[in-house]
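Enquirer: Okay, here's the structure, questions in a sec.
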Amino acid sequence: ASGVSFALTGFAPNIPALIVLRLIFGAGMAALFIGCLTAVTSLVSPARSGEAISLFSVAPYLSMGIGPIIGVAVFNAYGYITSFVVAGVVALVGVIPLLFYKPLPIDEAVIAEEEELVLKRIYSPAIWPGVVIALGIVGMLSFGAFMPLYAPTIPGLEVQVAFFILAGVVLLMRTAGGRIPDVLGPKRTGIYATTALIIGMTGLATAMVGWWAYLAIVPFAIGQAMQYPGLLKLTLDGISERDRPVAISTFTLFFD
């Protein structure tokens, strides 16, 4: 659904059609993300859940680092429509691994409590970590939305380089530093990550030259890299398998 909506975006004749395509994209991504994250976190021990979340979340930032470079090249050569079609094809390729995924057998106890799971829509312990991630994600949204507009006003600041640095630091922290949420603990990780976000955004807001902005992106990216796995681990620590999907759904609701 998300891939098809991307591919058709370049052909949208008006704003209402574009809104419908974005709604389809959002619904598809929500279902995919919650399902995949539930599967990943249910396969590891609680002592390594932070590492699992960190490694799982590498994929979006890998795309963020490579995507703008490819996207700008495709756009310059072929224009908007082809750019969206290529993005849609890339998304559809992501379906291939899911065709070979075999879920583990469901525990009989989980099946017996299925009705309760269906009725339960909100996992209350996820609300406060969700509020923190909702506030923290504002920085990331600002970066994604306004960096293309902000970069031309700062001498030496290139938008694709900015996204590449952001993605590179996040990837490094979530791979080489994937154990940090497990070692420091989720609460301390969340506090340190939020502080790094504040430092990074302050640096970006006061940047007068490109190198200062690039330097400020480093703590900002560290905060982005650590806040999400830390807070999600805080949400999932000690949780039952029955409540795991609704807890992830509640937490990512605030993220979205």
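Starting from 1 in every chain, residues are counted up; chains themselves are A, B, ... following the order of the structure tokens, and ligands are numbered from 1 as listed.
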Which residues, written as a ChimeraX atom specification, have at least one atom at most 8 Å from range 29-43 of chain A, with only C-alpha atoms counted and residues fewer than 4 positions away on the same chain left out?
Expert: /A:2,25,49,52-53,56,103,241,244-245,248-249,252
Enquirer: Next, the residues of the selection above should be written as a short mmCIF file (atom, residue, chain, number, x, y, z; two decimals), in the first residue's frame with C-alpha atoms.
Expert:
```
data_model
loop_
_atom_site.label_atom_id
_atom_site.label_comp_id
_atom_site.auth_asym_id
_atom_site.auth_seq_id
_atom_site.Cartn_x
_atom_site.Cartn_y
_atom_site.Cartn_z
CA SER A 2 2.76 2.45 0.92
CA PHE A 25 0.79 5.52 2.89
CA SER A 49 15.85 -5.51 23.89
CA ALA A 52 17.41 -5.21 19.14
CA ILE A 53 15.40 -1.99 18.85
CA PHE A 56 15.96 -2.68 13.83
CA PRO A 103 6.46 -16.40 12.51
CA GLU A 241 3.61 -11.03 25.28
CA ARG A 244 3.42 -6.19 23.62
CA PRO A 245 1.56 -5.28 20.37
CA ILE A 248 4.13 -0.75 20.78
CA SER A 249 1.03 0.62 19.09
CA THR A 252 4.37 4.68 18.21
#
```
Enquirer: Using only C-alpha atoms, what table do you get, as a Markdown table, when you list each residue of range 150-219 of chain A with an atom no more than 9 Å from range 68-71 of chain A, its nearest pair of atoms, and their distance in Å rounded to one decimal, rows by chain then rising number?
Expert:
```
| residue | atom | partner | partner_atom | distance |
| --- | --- | --- | --- | --- |
| A:Val159 | CA | A:Pro68 | CA | 8.8 |
| A:Gln160 | CA | A:Pro68 | CA | 6.2 |
| A:Val161 | CA | A:Ile69 | CA | 8.8 |
| A:Phe163 | CA | A:Pro68 | CA | 7.6 |
| A:Phe164 | CA | A:Pro68 | CA | 8.4 |
```
Enquirer: Hey, can you spit out that residue selection with all heavy atoms as an mmCIF file, in the first residue's frame?
Expert:
```cif
data_model
loop_
_atom_site.group_PDB
_atom_site.id
_atom_site.type_symbol
_atom_site.label_atom_id
_atom_site.label_comp_id
_atom_site.auth_asym_id
_atom_site.auth_seq_id
_atom_site.Cartn_x
_atom_site.Cartn_y
_atom_site.Cartn_z
ATOM 1 N N VAL A 159 22.352 20.516 1.722
ATOM 2 C CA VAL A 159 21.284 19.749 2.359
ATOM 3 C C VAL A 159 21.569 18.253 2.330
ATOM 4 O O VAL A 159 21.336 17.533 3.315
ATOM 5 C CB VAL A 159 19.930 20.083 1.711
ATOM 6 C CG1 VAL A 159 19.892 19.705 0.246
ATOM 7 C CG2 VAL A 159 18.798 19.398 2.457
ATOM 8 N N GLN A 160 22.080 17.730 1.204
ATOM 9 C CA GLN A 160 22.337 16.295 1.136
ATOM 10 C C GLN A 160 23.467 15.867 2.075
ATOM 11 O O GLN A 160 23.445 14.769 2.628
ATOM 12 C CB GLN A 160 22.625 15.847 -0.303
ATOM 13 C CG GLN A 160 23.841 16.475 -0.946
ATOM 14 C CD GLN A 160 23.471 17.692 -1.767
ATOM 15 O OE1 GLN A 160 22.693 18.512 -1.314
ATOM 16 N NE2 GLN A 160 24.038 17.796 -2.960
ATOM 17 N N VAL A 161 24.439 16.764 2.284
ATOM 18 C CA VAL A 161 25.522 16.472 3.230
ATOM 19 C C VAL A 161 24.977 16.449 4.651
ATOM 20 O O VAL A 161 25.350 15.602 5.474
ATOM 21 C CB VAL A 161 26.659 17.507 3.100
ATOM 22 C CG1 VAL A 161 27.739 17.264 4.149
ATOM 23 C CG2 VAL A 161 27.264 17.451 1.701
ATOM 24 N N PHE A 163 21.921 15.654 5.660
ATOM 25 C CA PHE A 163 21.193 14.400 5.870
ATOM 26 C C PHE A 163 22.148 13.209 5.936
ATOM 27 O O PHE A 163 21.914 12.258 6.690
ATOM 28 C CB PHE A 163 20.163 14.198 4.752
ATOM 29 C CG PHE A 163 18.869 14.906 4.991
ATOM 30 C CD1 PHE A 163 18.620 16.137 4.396
ATOM 31 C CD2 PHE A 163 17.900 14.369 5.810
ATOM 32 C CE1 PHE A 163 17.427 16.798 4.620
ATOM 33 C CE2 PHE A 163 16.704 15.017 6.042
ATOM 34 C CZ PHE A 163 16.461 16.246 5.435
ATOM 35 N N PHE A 164 23.213 13.259 5.173
ATOM 36 C CA PHE A 164 24.179 12.160 5.190
ATOM 37 C C PHE A 164 24.879 12.070 6.547
ATOM 38 O O PHE A 164 25.071 10.975 7.088
ATOM 39 C CB PHE A 164 25.213 12.357 4.077
ATOM 40 C CG PHE A 164 26.163 11.206 3.920
ATOM 41 C CD1 PHE A 164 25.786 10.067 3.229
ATOM 42 C CD2 PHE A 164 27.433 11.255 4.481
ATOM 43 C CE1 PHE A 164 26.655 8.994 3.095
ATOM 44 C CE2 PHE A 164 28.310 10.194 4.351
ATOM 45 C CZ PHE A 164 27.917 9.058 3.646
#
```
Enquirer: Of the candidates A:Gly200, A:Gly223, A:Pro13, A:Gly210, which one gets nearest to Met173 in chain A if we count only C-alpha atoms?
Expert: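 Closest residue, counting only C-alpha atoms: A:Gly223.
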Enquirer: Can you pull out every residue within 10 Å of range 3-9 of chain A, counting only C-alpha atoms, but drop anything in the same chain fewer than 2 positions away, and send it as a ChimeraX atom specification?
Expert: /A:1,11-13,17-26,28-29,80-95
Enquirer: Using only C-alpha atoms, which of A:Pro16, A:Gly185, A:Gly67, A:Leu197 sits nearest Asp237 in chain A?
Expert: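 With only C-alpha atoms as the atom set, the closest residue is A:Gly185.
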Enquirer: Skipping near chain neighbours, those fewer than 2 positions away, what residues fall within 9 Å of Lys233 in chain A using only C-alpha atoms, listed as a PyMOL selection string?
Expert: chain A and resi 46+49-50+53+181-182+185-186+228-231+235-237
Enquirer: Please determine, counting only C-alpha atoms, which residue among A:Val183, A:Ile96, A:Met226, A:Ile127 has the shortest atom-to-atom distance to Phe255 in chain A.
Expert: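 When distances to Phe255 in chain A are compared using only C-alpha atoms, the smallest one comes from A:Ile127.
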Enquirer: My list of candidates is A:Ala77, A:Leu99, A:Pro148, A:Val138. Which is closest to Ala162 in chain A when distances are computed with only C-alpha atoms?
Expert: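 Closest to Ala162 in chain A of all the choices is A:Pro148.
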Enquirer: If you run DSSP on the backbone, which residues of range 121-248 of chain A are helix (DSSP H, G or I), as a PyMOL selection string?
Expert: chain A and resi 124-153+159-175+180-184+186-205+210-236+244-248
Enquirer: By how many Å are CA of Leu55 in chain A and CA of Trp212 in chain A apart?
Expert: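 Taking CA of Leu55 in chain A and CA of Trp212 in chain A, their separation equals 29.1 Å.
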Enquirer: Just how far from CA of Gly168 in chain A is CA of Ile222 in chain A, in Å to one decimal?
Expert: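 Rounded to one decimal, the two atoms are 10.2 Å apart.
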Enquirer: Of the residues A:Thr206, A:Ser54, A:Ser63, A:Ser124, which is the one nearest to Ala225 in chain A, using only C-alpha atoms?
Expert: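 So, comparing all the options, the nearest one is A:Ser54.
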